[in-house]
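Below is one structure, written out as structure tokens; comments come after it.
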Amino acid sequence: MAKKNKKKERKKLQIRTGDNVAVISGNDRGVRGEVVHTQPEAGKVLVENVNVHYVHEKAGQKGRGRQGERVEKEMPVDVSNVMLICRNRECQRYDRPVRVRRIKENDGSRTRVCVKCEHRIQSD
Ligand SMILES: [Zn+2]
């Protein structure tokens with residue numbers, strides 16, 4: 001994994017904020033949620049209800065006299081561990097995780113489509 005490949009890594013993620021994704025590996029495998037934040041530099045995304053950890057807040061950290069407490073907080077997961085979901089009912093992978101690729105629209109913009117059915121994937 002840790003290859004010395006410094007040749008202009010593409011830092012753009014296929015996943016964007018607002019996307020609905022499914023986790024495909026790790027403890028939260030099978031869990032779905034909305035992407036709340038992306039970190040293209042680190043190749044990570046923050047997904048709601050995924051990779052939840054307890055964060056211990058020390059007493060008195062947020063104002064005086066407050067007790068320390070445990071707070072549940074999502075931690076970023078690697079983009080390679082999440083996949084987009086195809087919403088096309090005719091697709092053989094409907095409502096399941098799919099790989100996406102980008103196609104060029106007539107106006108020159110790029111859209112993400114499901115590799116199976118070419119259905120456009122928009123974040124809702
Ligand atoms: Zn599809």
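Residue numbering restarts at 1 in every chain; chains get A, B, ... in the order shown in the structure tokens, and ligands count up from 1 in that same order.
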Sorted by chain and rising residue number, list the residues of chain A at most 6 Å from ligand 1 (counting only C-alpha atoms and all ligand atoms), each with its closest atom pair and distance in Å to one decimal, as CSV.
```
residue,atom,partner,partner_atom_place_in_ligand_line,distance
A:Cys86,CA,ligand 1,1 (Zn),4.7
A:Asn88,CA,ligand 1,1 (Zn),5.6
A:Cys91,CA,ligand 1,1 (Zn),4.5
A:Arg93,CA,ligand 1,1 (Zn),5.5
A:Tyr94,CA,ligand 1,1 (Zn),5.9
A:Cys114,CA,ligand 1,1 (Zn),4.6
A:Lys116,CA,ligand 1,1 (Zn),5.0
A:Cys117,CA,ligand 1,1 (Zn),4.3
A:His119,CA,ligand 1,1 (Zn),5.5
```
Write a file of the just-selected residues containing N, CA and C atoms, as a compact mmCIF listing (two decimals), in the first residue's frame.
```txt
# COMPACT_ATOMS: atom_id res chain seq x y z
N CYS A 86 -26.66 2.45 -6.27
CA CYS A 86 -27.39 2.75 -7.50
C CYS A 86 -28.88 2.86 -7.21
N ASN A 88 -31.23 3.25 -9.64
CA ASN A 88 -32.02 2.93 -10.82
C ASN A 88 -32.72 1.58 -10.63
N CYS A 91 -31.76 -1.36 -12.76
CA CYS A 91 -30.37 -1.85 -12.67
C CYS A 91 -30.30 -3.18 -11.94
N ARG A 93 -28.07 -3.98 -10.13
CA ARG A 93 -27.48 -3.71 -8.81
C ARG A 93 -28.28 -2.64 -8.09
N TYR A 94 -29.58 -2.59 -8.35
CA TYR A 94 -30.42 -1.58 -7.71
C TYR A 94 -30.34 -1.66 -6.19
N CYS A 114 -23.31 4.87 -12.74
CA CYS A 114 -23.14 3.48 -12.31
C CYS A 114 -22.49 2.71 -13.45
N LYS A 116 -22.71 -0.33 -14.19
CA LYS A 116 -23.58 -1.36 -14.74
C LYS A 116 -24.63 -0.79 -15.70
N CYS A 117 -25.31 0.27 -15.25
CA CYS A 117 -26.47 0.72 -16.02
C CYS A 117 -26.31 2.14 -16.55
N HIS A 119 -26.65 4.78 -15.09
CA HIS A 119 -27.58 5.68 -14.43
C HIS A 119 -26.79 6.79 -13.74
```
Name the residues in contact with A:Met83 at a cut-off of 8 Å, using only C-alpha atoms, excluding same-chain residues fewer than 2 positions from it; report them as an MDAnalysis selection string.
chainID A and resid 21:24 79:81 85 97:99
One decimal place gives the atom CA of A:Glu41-atom CA of A:Val71 separation as 26.6 Å
Excluding A:His53 and any residue of its chain fewer than 4 positions from it, enumerate the residues within 12 Å of it, using only C-alpha atoms, and give them as a ChimeraX atom specification.
/A:27-28,48-49,70-77
What does the file look like for those residues with C-alpha atoms, as an mmCIF file, in the first residue's frame?
```cif
data_model
loop_
_atom_site.group_PDB
_atom_site.id
_atom_site.type_symbol
_atom_site.label_atom_id
_atom_site.label_comp_id
_atom_site.auth_asym_id
_atom_site.auth_seq_id
_atom_site.Cartn_x
_atom_site.Cartn_y
_atom_site.Cartn_z
ATOM 1 C CA ASN A 27 -16.716 -3.147 11.567
ATOM 2 C CA ASP A 28 -19.474 -1.105 10.000
ATOM 3 C CA GLU A 48 -23.001 9.663 9.612
ATOM 4 C CA ASN A 49 -23.358 6.770 12.046
ATOM 5 C CA ARG A 70 -18.151 10.407 26.878
ATOM 6 C CA VAL A 71 -19.410 11.704 23.573
ATOM 7 C CA GLU A 72 -20.166 9.574 20.547
ATOM 8 C CA LYS A 73 -18.427 10.881 17.489
ATOM 9 C CA GLU A 74 -17.952 9.683 13.951
ATOM 10 C CA MET A 75 -14.418 9.230 12.736
ATOM 11 C CA PRO A 76 -13.390 9.453 9.071
ATOM 12 C CA VAL A 77 -13.177 6.234 7.080
#
```
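Among the candidates A:Arg102, A:Arg32, A:His37, A:Lys44, the one nearest to A:Leu84 when counting only C-alpha atoms is A:Arg32.
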Backbone-only DSSP, strand (DSSP E) members of stretch 13-121 of chain A, as a PyMOL selection string
chain A and resi 20-23+32-39+44-47+52-57+69-74+77-78+82-85+97-98+100-104+110-114
Restricting the output to N, CA and C atoms, write the selected residues as a short mmCIF file (atom, residue, chain, number, x, y, z; two decimals), in the first residue's frame.
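To be explicit, this is the file written out as out-v3.cif:
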```cif
data_model
loop_
_atom_site.label_atom_id
_atom_site.label_comp_id
_atom_site.auth_asym_id
_atom_site.auth_seq_id
_atom_site.Cartn_x
_atom_site.Cartn_y
_atom_site.Cartn_z
N ASN A 20 -25.19 9.31 -0.53
CA ASN A 20 -25.53 8.18 0.32
C ASN A 20 -24.62 7.03 -0.05
N VAL A 21 -23.91 6.54 0.94
CA VAL A 21 -22.95 5.49 0.65
C VAL A 21 -23.18 4.28 1.55
N ALA A 22 -22.64 3.16 1.12
CA ALA A 22 -22.67 1.94 1.92
C ALA A 22 -21.24 1.59 2.28
N VAL A 23 -21.04 1.12 3.48
CA VAL A 23 -19.72 0.70 3.92
C VAL A 23 -19.52 -0.75 3.49
N ARG A 32 -25.25 2.04 6.14
CA ARG A 32 -25.38 3.10 5.16
C ARG A 32 -25.56 4.44 5.84
N GLY A 33 -25.12 5.46 5.16
CA GLY A 33 -25.29 6.78 5.75
C GLY A 33 -24.93 7.86 4.76
N GLU A 34 -25.18 9.07 5.19
CA GLU A 34 -24.89 10.20 4.33
C GLU A 34 -23.51 10.73 4.63
N VAL A 35 -22.81 11.12 3.58
CA VAL A 35 -21.49 11.69 3.75
C VAL A 35 -21.64 13.11 4.28
N VAL A 36 -21.04 13.37 5.42
CA VAL A 36 -21.18 14.71 6.00
C VAL A 36 -19.96 15.58 5.73
N HIS A 37 -18.85 14.93 5.36
CA HIS A 37 -17.63 15.69 5.16
C HIS A 37 -16.64 14.85 4.37
N THR A 38 -15.87 15.47 3.50
CA THR A 38 -14.84 14.72 2.80
C THR A 38 -13.47 15.35 3.05
N GLN A 39 -12.45 14.50 3.02
CA GLN A 39 -11.08 14.97 3.16
C GLN A 39 -10.27 14.45 1.98
N LYS A 44 -10.19 10.45 2.78
CA LYS A 44 -11.13 9.95 3.76
C LYS A 44 -12.46 10.69 3.71
N VAL A 45 -13.47 9.99 4.16
CA VAL A 45 -14.79 10.62 4.23
C VAL A 45 -15.39 10.38 5.62
N LEU A 46 -16.22 11.32 6.01
CA LEU A 46 -16.93 11.19 7.28
C LEU A 46 -18.38 10.86 6.96
N VAL A 47 -18.83 9.72 7.45
CA VAL A 47 -20.18 9.28 7.15
C VAL A 47 -20.98 9.19 8.44
N VAL A 52 -18.27 5.06 14.59
CA VAL A 52 -18.55 5.88 15.77
C VAL A 52 -17.64 5.47 16.92
N HIS A 53 -16.99 6.43 17.48
CA HIS A 53 -16.12 6.18 18.62
C HIS A 53 -16.53 7.05 19.79
N TYR A 54 -16.16 6.60 20.94
CA TYR A 54 -16.39 7.44 22.11
C TYR A 54 -15.22 8.39 22.27
N VAL A 55 -15.54 9.65 22.38
CA VAL A 55 -14.51 10.64 22.64
C VAL A 55 -14.71 11.12 24.06
N HIS A 56 -13.63 11.12 24.80
CA HIS A 56 -13.74 11.53 26.20
C HIS A 56 -13.42 13.00 26.33
N GLU A 57 -14.39 13.73 26.77
CA GLU A 57 -14.14 15.15 27.00
C GLU A 57 -13.81 15.35 28.46
N GLU A 69 -17.20 13.83 30.16
CA GLU A 69 -18.21 12.90 29.66
C GLU A 69 -17.73 12.20 28.40
N ARG A 70 -18.45 11.13 28.10
CA ARG A 70 -18.15 10.41 26.88
C ARG A 70 -19.12 10.87 25.80
N VAL A 71 -18.57 11.24 24.66
CA VAL A 71 -19.41 11.70 23.57
C VAL A 71 -19.21 10.78 22.38
N GLU A 72 -20.29 10.40 21.75
CA GLU A 72 -20.17 9.57 20.55
C GLU A 72 -19.85 10.46 19.36
N LYS A 73 -18.85 10.05 18.59
CA LYS A 73 -18.43 10.88 17.49
C LYS A 73 -18.00 10.01 16.32
N GLU A 74 -18.38 10.43 15.12
CA GLU A 74 -17.95 9.68 13.95
C GLU A 74 -16.51 10.03 13.62
N VAL A 77 -13.56 7.55 7.60
CA VAL A 77 -13.18 6.23 7.08
C VAL A 77 -12.55 6.42 5.70
N ASP A 78 -11.76 5.44 5.30
CA ASP A 78 -11.10 5.52 4.01
C ASP A 78 -12.12 5.43 2.89
N VAL A 82 -15.97 2.67 1.24
CA VAL A 82 -17.37 3.00 0.99
C VAL A 82 -17.66 2.99 -0.51
N MET A 83 -18.92 2.72 -0.83
CA MET A 83 -19.33 2.72 -2.22
C MET A 83 -20.66 3.43 -2.36
N LEU A 84 -20.89 3.99 -3.53
CA LEU A 84 -22.17 4.64 -3.80
C LEU A 84 -23.22 3.57 -4.08
N ILE A 85 -24.47 3.99 -3.98
CA ILE A 85 -25.58 3.05 -4.19
C ILE A 85 -26.34 3.45 -5.44
N PRO A 97 -24.43 -1.49 -3.46
CA PRO A 97 -23.24 -0.69 -3.74
C PRO A 97 -22.73 -0.93 -5.16
N VAL A 98 -22.38 0.12 -5.83
CA VAL A 98 -21.88 0.00 -7.20
C VAL A 98 -20.59 0.80 -7.39
N VAL A 100 -18.53 3.38 -9.69
CA VAL A 100 -18.95 4.46 -10.56
C VAL A 100 -17.81 4.87 -11.47
N ARG A 101 -18.17 5.45 -12.57
CA ARG A 101 -17.14 6.08 -13.39
C ARG A 101 -17.69 7.41 -13.86
N ARG A 102 -16.81 8.19 -14.44
CA ARG A 102 -17.22 9.51 -14.87
C ARG A 102 -17.42 9.52 -16.37
N ILE A 103 -18.47 10.16 -16.79
CA ILE A 103 -18.65 10.34 -18.23
C ILE A 103 -18.71 11.84 -18.53
N LYS A 104 -18.39 12.14 -19.76
CA LYS A 104 -18.41 13.54 -20.17
C LYS A 104 -19.78 13.88 -20.73
N ARG A 110 -18.62 16.74 -16.12
CA ARG A 110 -18.50 15.31 -15.88
C ARG A 110 -19.53 14.85 -14.86
N THR A 111 -20.10 13.71 -15.16
CA THR A 111 -21.11 13.16 -14.27
C THR A 111 -20.70 11.76 -13.85
N ARG A 112 -21.06 11.40 -12.67
CA ARG A 112 -20.77 10.05 -12.20
C ARG A 112 -21.93 9.14 -12.56
N VAL A 113 -21.59 8.01 -13.12
CA VAL A 113 -22.62 7.04 -13.47
C VAL A 113 -22.26 5.67 -12.93
N CYS A 114 -23.31 4.87 -12.74
CA CYS A 114 -23.14 3.48 -12.31
C CYS A 114 -22.49 2.71 -13.45
#
```
